[in-house]
file work19.cif (mmCIF, C-alpha atoms and all ligand atoms)
data_final
loop_
_atom_site.group_PDB
_atom_site.id
_atom_site.type_symbol
_atom_site.label_atom_id
_atom_site.label_comp_id
_atom_site.auth_asym_id
_atom_site.auth_seq_id
_atom_site.Cartn_x
_atom_site.Cartn_y
_atom_site.Cartn_z
ATOM 1 C CA MET M 1 0.000 0.000 0.000
ATOM 2 C CA ALA M 2 2.746 2.436 0.920
ATOM 3 C CA ASN M 3 4.520 1.676 -2.337
ATOM 4 C CA GLN M 4 1.506 2.517 -4.483
ATOM 5 C CA TYR M 5 1.195 6.038 -5.885
ATOM 6 C CA HIS M 6 -2.085 7.645 -5.067
ATOM 7 C CA PRO M 7 -3.604 9.100 -8.282
ATOM 8 C CA PHE M 8 -4.233 12.440 -6.587
ATOM 9 C CA LEU M 9 -0.674 12.605 -5.303
ATOM 10 C CA LEU M 10 0.583 11.891 -8.797
ATOM 11 C CA LEU M 11 -1.560 14.706 -10.182
ATOM 12 C CA CYS M 12 -0.214 17.110 -7.520
ATOM 13 C CA LEU M 13 3.317 16.193 -8.565
ATOM 14 C CA LEU M 14 2.634 16.500 -12.289
ATOM 15 C CA LEU M 15 0.582 19.701 -12.379
ATOM 16 C CA PRO M 16 3.421 22.076 -11.503
ATOM 17 C CA LEU M 17 5.583 20.358 -14.132
ATOM 18 C CA LEU M 18 2.880 20.776 -16.760
ATOM 19 C CA SER M 19 2.429 24.456 -15.989
ATOM 20 C CA ILE M 20 6.186 25.045 -16.161
ATOM 21 C CA ALA M 21 6.298 23.252 -19.537
ATOM 22 C CA SER M 22 3.447 25.309 -20.964
ATOM 23 C CA SER M 23 4.763 28.641 -19.709
ATOM 24 C CA SER M 24 8.263 27.967 -21.031
ATOM 25 C CA SER M 25 6.934 26.955 -24.449
ATOM 26 C CA HIS M 26 4.872 30.134 -24.486
ATOM 27 C CA LYS M 27 7.981 32.184 -23.715
ATOM 28 C CA HIS M 28 9.898 30.285 -26.381
ATOM 29 C CA HIS M 29 7.184 31.197 -28.875
ATOM 30 C CA GLN M 30 7.511 34.895 -28.019
ATOM 31 C CA ASP M 31 11.302 34.845 -28.404
ATOM 32 C CA HIS M 32 11.179 33.057 -31.772
ATOM 33 C CA PRO M 33 8.140 33.968 -33.838
ATOM 34 C CA ALA M 34 7.015 31.253 -36.279
ATOM 35 C CA LEU M 35 8.983 31.173 -39.514
ATOM 36 C CA LYS M 36 7.175 32.378 -42.598
ATOM 37 C CA SER M 37 6.336 29.251 -44.585
ATOM 38 C CA LEU M 38 4.365 28.028 -47.581
ATOM 39 C CA HIS M 39 2.971 24.529 -48.140
ATOM 40 C CA PHE M 40 1.332 23.263 -51.328
ATOM 41 C CA SER M 41 1.344 20.349 -53.781
ATOM 42 C CA LEU M 42 1.690 20.150 -57.547
ATOM 43 C CA TYR M 43 1.726 17.261 -60.038
ATOM 44 C CA GLN M 44 4.719 16.799 -62.331
ATOM 45 C CA HIS M 45 4.060 15.293 -65.776
ATOM 46 C CA GLU M 46 6.910 13.676 -67.664
ATOM 47 C CA THR M 47 6.527 12.220 -71.154
ATOM 48 C CA ILE M 48 9.409 10.130 -72.421
ATOM 49 C CA ASN M 49 10.962 11.531 -75.624
ATOM 50 C CA GLN M 50 8.844 14.666 -75.311
ATOM 51 C CA THR M 51 9.541 16.371 -71.977
ATOM 52 C CA GLY M 52 12.233 13.965 -70.752
ATOM 53 C CA TYR M 53 15.087 12.323 -72.655
ATOM 54 C CA ILE M 54 17.954 9.966 -71.964
ATOM 55 C CA ILE M 55 20.970 11.938 -73.217
ATOM 56 C CA VAL M 56 23.733 9.584 -72.052
ATOM 57 C CA ASN M 57 23.241 5.820 -71.972
ATOM 58 C CA GLY M 58 24.020 3.995 -68.751
ATOM 59 C CA VAL M 59 26.700 1.339 -68.522
ATOM 60 C CA ALA M 60 25.631 -1.448 -66.102
ATOM 61 C CA GLY M 61 22.896 -3.054 -64.030
ATOM 62 C CA ALA M 62 19.197 -2.914 -64.853
ATOM 63 C CA GLY M 63 18.005 -2.281 -68.401
ATOM 64 C CA VAL M 64 15.772 0.530 -69.641
ATOM 65 C CA GLY M 65 12.297 -0.257 -68.328
ATOM 66 C CA GLN M 66 9.155 1.547 -67.237
ATOM 67 C CA THR M 67 10.768 2.421 -63.890
ATOM 68 C CA THR M 68 14.445 1.548 -64.335
ATOM 69 C CA THR M 69 17.439 2.871 -66.250
ATOM 70 C CA PRO M 70 21.000 1.481 -66.298
ATOM 71 C CA PHE M 71 23.570 2.806 -63.805
ATOM 72 C CA GLY M 72 25.115 6.001 -65.151
ATOM 73 C CA THR M 73 22.178 7.051 -67.333
ATOM 74 C CA ILE M 74 21.864 10.813 -67.625
ATOM 75 C CA PHE M 75 18.298 11.982 -68.107
ATOM 76 C CA VAL M 76 17.205 15.574 -68.734
ATOM 77 C CA PHE M 77 13.688 16.904 -68.245
ATOM 78 C CA ASN M 78 11.560 20.007 -68.705
ATOM 79 C CA ASP M 79 8.232 19.045 -67.114
ATOM 80 C CA LYS M 80 5.109 21.045 -66.384
ATOM 81 C CA MET M 81 3.661 21.044 -62.887
ATOM 82 C CA THR M 82 -0.096 21.315 -62.504
ATOM 83 C CA THR M 83 -2.545 21.778 -59.665
ATOM 84 C CA LYS M 84 -4.252 18.393 -60.178
ATOM 85 C CA PRO M 85 -3.186 14.923 -61.400
ATOM 86 C CA ASP M 86 -4.988 15.731 -64.696
ATOM 87 C CA SER M 87 -2.361 17.137 -67.090
ATOM 88 C CA ASN M 88 -4.938 19.635 -68.417
ATOM 89 C CA SER M 89 -5.292 21.322 -65.005
ATOM 90 C CA ASN M 90 -3.674 24.713 -64.284
ATOM 91 C CA VAL M 91 0.077 24.913 -64.823
ATOM 92 C CA LYS M 92 1.739 26.580 -61.814
ATOM 93 C CA GLY M 93 5.325 25.466 -62.301
ATOM 94 C CA ILE M 94 8.015 24.128 -64.611
ATOM 95 C CA ALA M 95 10.648 21.661 -63.411
ATOM 96 C CA GLU M 96 13.894 21.767 -65.410
ATOM 97 C CA GLY M 97 16.657 19.440 -64.411
ATOM 98 C CA THR M 98 18.668 16.311 -64.744
ATOM 99 C CA SER M 99 19.018 12.998 -62.969
ATOM 100 C CA ILE M 100 21.836 10.462 -63.021
ATOM 101 C CA THR M 101 21.044 6.827 -62.241
ATOM 102 C CA SER M 102 23.104 5.936 -59.187
ATOM 103 C CA SER M 103 22.100 2.371 -58.213
ATOM 104 C CA LEU M 104 22.669 -0.889 -60.072
ATOM 105 C CA ASP M 105 19.013 -1.888 -59.659
ATOM 106 C CA GLY M 106 18.216 1.144 -61.810
ATOM 107 C CA LEU M 107 15.714 2.585 -59.326
ATOM 108 C CA ARG M 108 17.690 5.377 -57.639
ATOM 109 C CA SER M 109 19.170 8.545 -59.037
ATOM 110 C CA VAL M 110 20.706 11.786 -57.888
ATOM 111 C CA SER M 111 18.758 14.734 -59.269
ATOM 112 C CA TYR M 112 18.892 18.439 -59.346
ATOM 113 C CA ALA M 113 16.217 20.756 -60.643
ATOM 114 C CA LYS M 114 15.204 24.359 -60.933
ATOM 115 C CA ILE M 115 11.482 24.711 -60.353
ATOM 116 C CA THR M 116 9.990 27.952 -61.652
ATOM 117 C CA LEU M 117 6.799 28.805 -59.785
ATOM 118 C CA LYS M 118 3.950 31.262 -60.042
ATOM 119 C CA ILE M 119 1.614 30.358 -57.210
ATOM 120 C CA ASN M 120 -0.431 32.006 -54.427
ATOM 121 C CA GLY M 121 0.924 35.437 -55.423
ATOM 122 C CA TYR M 122 4.553 34.274 -55.263
ATOM 123 C CA GLN M 123 6.814 34.301 -58.308
ATOM 124 C CA GLY M 124 10.353 32.998 -58.702
ATOM 125 C CA SER M 125 12.199 29.717 -58.595
ATOM 126 C CA ILE M 126 13.568 27.221 -56.119
ATOM 127 C CA SER M 127 16.517 24.902 -56.636
ATOM 128 C CA ILE M 128 16.429 21.369 -55.281
ATOM 129 C CA VAL M 129 19.011 18.599 -55.101
ATOM 130 C CA GLY M 130 18.960 15.091 -53.687
ATOM 131 C CA GLY M 131 18.300 11.427 -54.205
ATOM 132 C CA THR M 132 15.199 10.217 -56.034
ATOM 133 C CA HIS M 133 13.626 6.780 -55.906
ATOM 134 C CA ASN M 134 11.640 5.912 -59.019
ATOM 135 C CA ILE M 135 8.884 4.008 -57.216
ATOM 136 C CA LYS M 136 8.977 5.304 -53.609
ATOM 137 C CA PRO M 137 8.541 8.771 -52.037
ATOM 138 C CA ALA M 138 11.755 10.781 -51.718
ATOM 139 C CA ASP M 139 12.612 14.062 -49.992
ATOM 140 C CA HIS M 140 14.796 16.629 -51.738
ATOM 141 C CA PRO M 141 16.327 19.527 -49.808
ATOM 142 C CA VAL M 142 15.603 22.994 -51.148
ATOM 143 C CA VAL M 143 18.985 24.679 -51.428
ATOM 144 C CA GLY M 144 17.783 28.170 -52.299
ATOM 145 C CA GLY M 145 15.643 30.257 -54.586
ATOM 146 C CA THR M 146 15.218 33.402 -56.654
ATOM 147 C CA GLY M 147 12.639 36.196 -56.795
ATOM 148 C CA ASP M 148 10.028 35.862 -54.044
ATOM 149 C CA PHE M 149 11.757 32.611 -53.025
ATOM 150 C CA MET M 150 15.177 34.229 -52.422
ATOM 151 C CA PHE M 151 16.843 32.521 -49.378
ATOM 152 C CA VAL M 152 14.042 29.943 -49.091
ATOM 153 C CA GLN M 153 14.893 26.552 -47.589
ATOM 154 C CA GLY M 154 12.910 23.436 -46.748
ATOM 155 C CA PHE M 155 12.215 20.325 -48.787
ATOM 156 C CA VAL M 156 10.023 18.886 -51.506
ATOM 157 C CA ARG M 157 8.681 15.340 -51.286
ATOM 158 C CA SER M 158 8.126 13.557 -54.606
ATOM 159 C CA SER M 159 5.831 10.520 -54.708
ATOM 160 C CA PRO M 160 4.866 8.446 -57.750
ATOM 161 C CA VAL M 161 1.183 8.774 -58.731
ATOM 162 C CA ASP M 162 1.054 7.083 -62.137
ATOM 163 C CA LEU M 163 3.987 5.145 -63.569
ATOM 164 C CA GLN M 164 2.097 3.473 -66.428
ATOM 165 C CA GLY M 165 2.404 4.539 -70.058
ATOM 166 C CA VAL M 166 4.593 7.125 -71.768
ATOM 167 C CA THR M 167 3.599 9.933 -69.364
ATOM 168 C CA VAL M 168 4.470 9.402 -65.714
ATOM 169 C CA VAL M 169 3.034 11.593 -62.958
ATOM 170 C CA TYR M 170 4.609 12.491 -59.633
ATOM 171 C CA LYS M 171 3.022 14.393 -56.770
ATOM 172 C CA ILE M 172 5.389 17.055 -55.457
ATOM 173 C CA GLU M 173 4.704 18.430 -51.969
ATOM 174 C CA PHE M 174 6.466 21.711 -51.260
ATOM 175 C CA HIS M 175 7.422 22.694 -47.704
ATOM 176 C CA LEU M 176 9.129 26.073 -47.997
ATOM 177 C CA TYR M 177 10.461 28.222 -45.139
ATOM 178 C CA TRP M 178 11.860 31.741 -45.243
ATOM 179 C CA PRO M 179 14.614 32.188 -42.637
ATOM 180 C CA PRO M 180 14.339 35.270 -40.398
ATOM 181 C CA TYR M 181 17.013 37.182 -42.354
ATOM 182 C CA ALA M 182 14.948 36.863 -45.573
ATOM 183 C CA ALA M 183 12.716 39.612 -44.143
ATOM 184 C CA ALA M 184 15.537 42.090 -44.847
ATOM 185 C CA VAL M 185 15.156 41.402 -48.585
ATOM 186 C CA HIS M 186 11.440 40.743 -48.869
ATOM 187 C CA GLY M 187 10.250 43.251 -46.296
ATOM 188 C CA PHE M 188 7.719 41.051 -44.504
HETATM 189 C C1 LIG M 201 12.606 7.157 -76.975
HETATM 190 O O1 LIG M 201 13.595 7.391 -77.958
HETATM 191 C C2 LIG M 201 14.630 6.421 -77.968
HETATM 192 C C3 LIG M 201 15.705 6.882 -78.949
HETATM 193 O O2 LIG M 201 15.152 7.196 -80.187
HETATM 194 C C4 LIG M 201 14.048 5.057 -78.324
HETATM 195 O O3 LIG M 201 15.058 4.074 -78.308
HETATM 196 C C5 LIG M 201 12.982 4.698 -77.297
HETATM 197 O O4 LIG M 201 12.335 3.491 -77.639
HETATM 198 C C6 LIG M 201 11.938 5.806 -77.177
HETATM 199 N N1 LIG M 201 11.070 5.480 -76.062
HETATM 200 C C7 LIG M 201 9.743 5.530 -76.143
HETATM 201 C C8 LIG M 201 8.993 5.085 -74.932
HETATM 202 O O5 LIG M 201 9.170 5.919 -77.135
#
call {"tool": "encode", "arguments": {"input": "work19.cif", "output": "structure tokens", "more": "lines below"}}
Ligand SMILES: *[C@@H]1O[C@H](CO)[C@@H](O)[C@H](O)[C@H]1NC(C)=O
result
Amino acid sequence: MANQYHPFLLLCLLLPLLSIASSSSHKHHQDHPALKSLHFSLYQHETINQTGYIIVNGVAGAGVGQTTTPFGTIFVFNDKMTTKPDSNSNVKGIAEGTSITSSLDGLRSVSYAKITLKINGYQGSISIVGGTHNIKPADHPVVGGTGDFMFVQGFVRSSPVDLQGVTVVYKIEFHLYWPPYAAAVHGF
């Protein structure tokens, strides 16, 4: 009996801790106001031999398939990005870039891209770089931007939506953050 914690006693012990936690997080919030951020999704449409081309043939591993390319393949793309999976929906961005197949199973590549955007009153571009998986979601760090996206960081997550046929579709989720010093340029 003496070893058992009484529920009320436990509450008395925990309550002060909880109030300290909430007041310190409140203070923290005042010291560091939330970063300015922007979150949205677009759909990237890539048609082989029309908006995306193999410009250097790979040398080993998997063959050219619906989702694979040989190790060392260099692929270049200029793809539109739309608001919905339907390729006829509004175009809000263009992704220009290249990817180099970097795994022998032909599924992974290292990519970089400049994504030009005109969305929600913002205009400019972001640059991304990172590893892509052809059939699984992948996160790409945002390394910077131009125009309204000057100094922006964050990441984009690309996920396959439709890998059948000559046009493949990826969903691209953007998670963009302006660091505090960006206010000096953008005046927000
Ligand atoms: C794309 O073009 C290459 C080179 O001409 C050709 O070998 C390949 O079959 C084409 N792919 C498709 C899906 O049309």
call {"tool": "residues_near_ligand", "arguments": {"input": "work19.cif", "ligand": "ligand LIG 201 (chain M)", "cutoff": "7 Å", "atoms": "only C-alpha atoms and all ligand atoms", "output": "ChimeraX atom specification"}}
result
/M:48-49,166
call {"tool": "residues_around", "arguments": {"input": "work19.cif", "residues": "M:Thr68", "least_positions_apart": "5", "cutoff": "9 Å", "atoms": "all atoms listed in the file", "output": "NGL selection string"}}
result
:M and (62-63 or 101 or 105-108 or 134)
call {"tool": "closest_residue", "arguments": {"input": "work19.cif", "among": "M:Val169, M:Val185, M:Val91, M:Leu176", "to": "M:Ser127", "atoms": "all atoms listed in the file"}}
result
M:Leu176
call {"tool": "resolve_selection", "arguments": {"input": "work19.cif", "expression": "the PyMOL selection byres (((chain M and resi 146-152) around 8) and not hetatm)", "output": "JSON, numbers by chain"}}
result
{"M": [122, 123, 124, 125, 126, 142, 143, 144, 145, 153, 154, 176, 177, 178, 179, 182, 186]}
call {"tool": "resolve_selection", "arguments": {"input": "work19.cif", "expression": "the PyMOL selection byres (((chain M and resi 174) around 8) and not hetatm)", "output": "list in words"}}
result
Leu38, His39, Phe40, Ser41, Phe155, Val156, Arg157, Ile172, Glu173, His175 and Leu176 of chain M
call {"tool": "atom_distance", "arguments": {"input": "work19.cif", "atom1": "atom CA of M:Thr69", "atom2": "atom CA of M:Ser89"}}
result
29.3 Å
call {"tool": "atom_distance", "arguments": {"input": "work19.cif", "atom1": "atom CA of M:Lys80", "atom2": "atom CA of M:Thr98"}}
result
14.5 Å
call {"tool": "atom_distance", "arguments": {"input": "work19.cif", "atom1": "atom CA of M:Gly52", "atom2": "atom CA of M:Asn90"}}
result
20.3 Å
call {"tool": "resolve_selection", "arguments": {"input": "work19.cif", "expression": "the PyMOL selection byres (((chain M and resi 54) around 6) and not hetatm)", "output": "list of chain:residue names"}}
result
M:Tyr53, M:Ile55, M:Val56, M:Ile74, M:Phe75
call {"tool": "closest_residue", "arguments": {"input": "work19.cif", "among": "M:Thr82, M:Ser109, M:Asn88, M:Ser158", "to": "M:Pro137", "atoms": "only C-alpha atoms"}}
result
M:Ser158
call {"tool": "build_atoms", "arguments": {"input": "work19.cif", "residues": "stretch 41-59 of chain M", "atoms": "N, CA and C atoms", "output": "mmCIF file, in the coordinates of the input"}}
result
data_model
loop_
_atom_site.group_PDB
_atom_site.id
_atom_site.type_symbol
_atom_site.label_atom_id
_atom_site.label_comp_id
_atom_site.auth_asym_id
_atom_site.auth_seq_id
_atom_site.Cartn_x
_atom_site.Cartn_y
_atom_site.Cartn_z
ATOM 1 N N SER M 41 0.972 21.509 -52.963
ATOM 2 C CA SER M 41 1.344 20.349 -53.781
ATOM 3 C C SER M 41 1.071 20.623 -55.245
ATOM 4 N N LEU M 42 1.915 20.091 -56.100
ATOM 5 C CA LEU M 42 1.690 20.150 -57.547
ATOM 6 C C LEU M 42 1.961 18.756 -58.119
ATOM 7 N N TYR M 43 1.526 18.549 -59.369
ATOM 8 C CA TYR M 43 1.726 17.261 -60.038
ATOM 9 C C TYR M 43 2.632 17.461 -61.250
ATOM 10 N N GLN M 44 3.719 16.688 -61.266
ATOM 11 C CA GLN M 44 4.719 16.799 -62.331
ATOM 12 C C GLN M 44 4.434 15.738 -63.394
ATOM 13 N N HIS M 45 4.381 16.187 -64.652
ATOM 14 C CA HIS M 45 4.060 15.293 -65.776
ATOM 15 C C HIS M 45 5.290 15.149 -66.660
ATOM 16 N N GLU M 46 5.702 13.922 -66.873
ATOM 17 C CA GLU M 46 6.910 13.676 -67.664
ATOM 18 C C GLU M 46 6.609 12.663 -68.765
ATOM 19 N N THR M 47 6.784 13.098 -70.010
ATOM 20 C CA THR M 47 6.527 12.220 -71.154
ATOM 21 C C THR M 47 7.849 11.879 -71.808
ATOM 22 N N ILE M 48 8.131 10.579 -71.860
ATOM 23 C CA ILE M 48 9.409 10.130 -72.421
ATOM 24 C C ILE M 48 9.507 10.550 -73.891
ATOM 25 N N ASN M 49 10.652 11.055 -74.269
ATOM 26 C CA ASN M 49 10.962 11.531 -75.624
ATOM 27 C C ASN M 49 10.129 12.749 -76.024
ATOM 28 N N GLN M 50 9.595 13.437 -75.031
ATOM 29 C CA GLN M 50 8.844 14.666 -75.311
ATOM 30 C C GLN M 50 9.198 15.756 -74.292
ATOM 31 N N THR M 51 9.103 15.414 -73.007
ATOM 32 C CA THR M 51 9.541 16.371 -71.977
ATOM 33 C C THR M 51 10.729 15.814 -71.194
ATOM 34 N N GLY M 52 11.089 14.561 -71.434
ATOM 35 C CA GLY M 52 12.233 13.965 -70.752
ATOM 36 C C GLY M 52 12.957 13.019 -71.687
ATOM 37 N N TYR M 53 14.290 13.121 -71.722
ATOM 38 C CA TYR M 53 15.087 12.323 -72.655
ATOM 39 C C TYR M 53 16.299 11.745 -71.952
ATOM 40 N N ILE M 54 16.647 10.510 -72.334
ATOM 41 C CA ILE M 54 17.954 9.966 -71.964
ATOM 42 C C ILE M 54 18.972 10.598 -72.913
ATOM 43 N N ILE M 55 19.962 11.313 -72.345
ATOM 44 C CA ILE M 55 20.970 11.938 -73.217
ATOM 45 C C ILE M 55 22.317 11.219 -73.166
ATOM 46 N N VAL M 56 22.532 10.420 -72.095
ATOM 47 C CA VAL M 56 23.733 9.584 -72.052
ATOM 48 C C VAL M 56 23.285 8.200 -71.592
ATOM 49 N N ASN M 57 23.630 7.178 -72.342
ATOM 50 C CA ASN M 57 23.241 5.820 -71.972
ATOM 51 C C ASN M 57 24.044 5.326 -70.782
ATOM 52 N N GLY M 58 23.348 4.581 -69.904
ATOM 53 C CA GLY M 58 24.020 3.995 -68.751
ATOM 54 C C GLY M 58 24.917 2.843 -69.170
ATOM 55 N N VAL M 59 25.654 2.308 -68.185
ATOM 56 C CA VAL M 59 26.700 1.339 -68.522
ATOM 57 C C VAL M 59 26.524 -0.034 -67.877
#
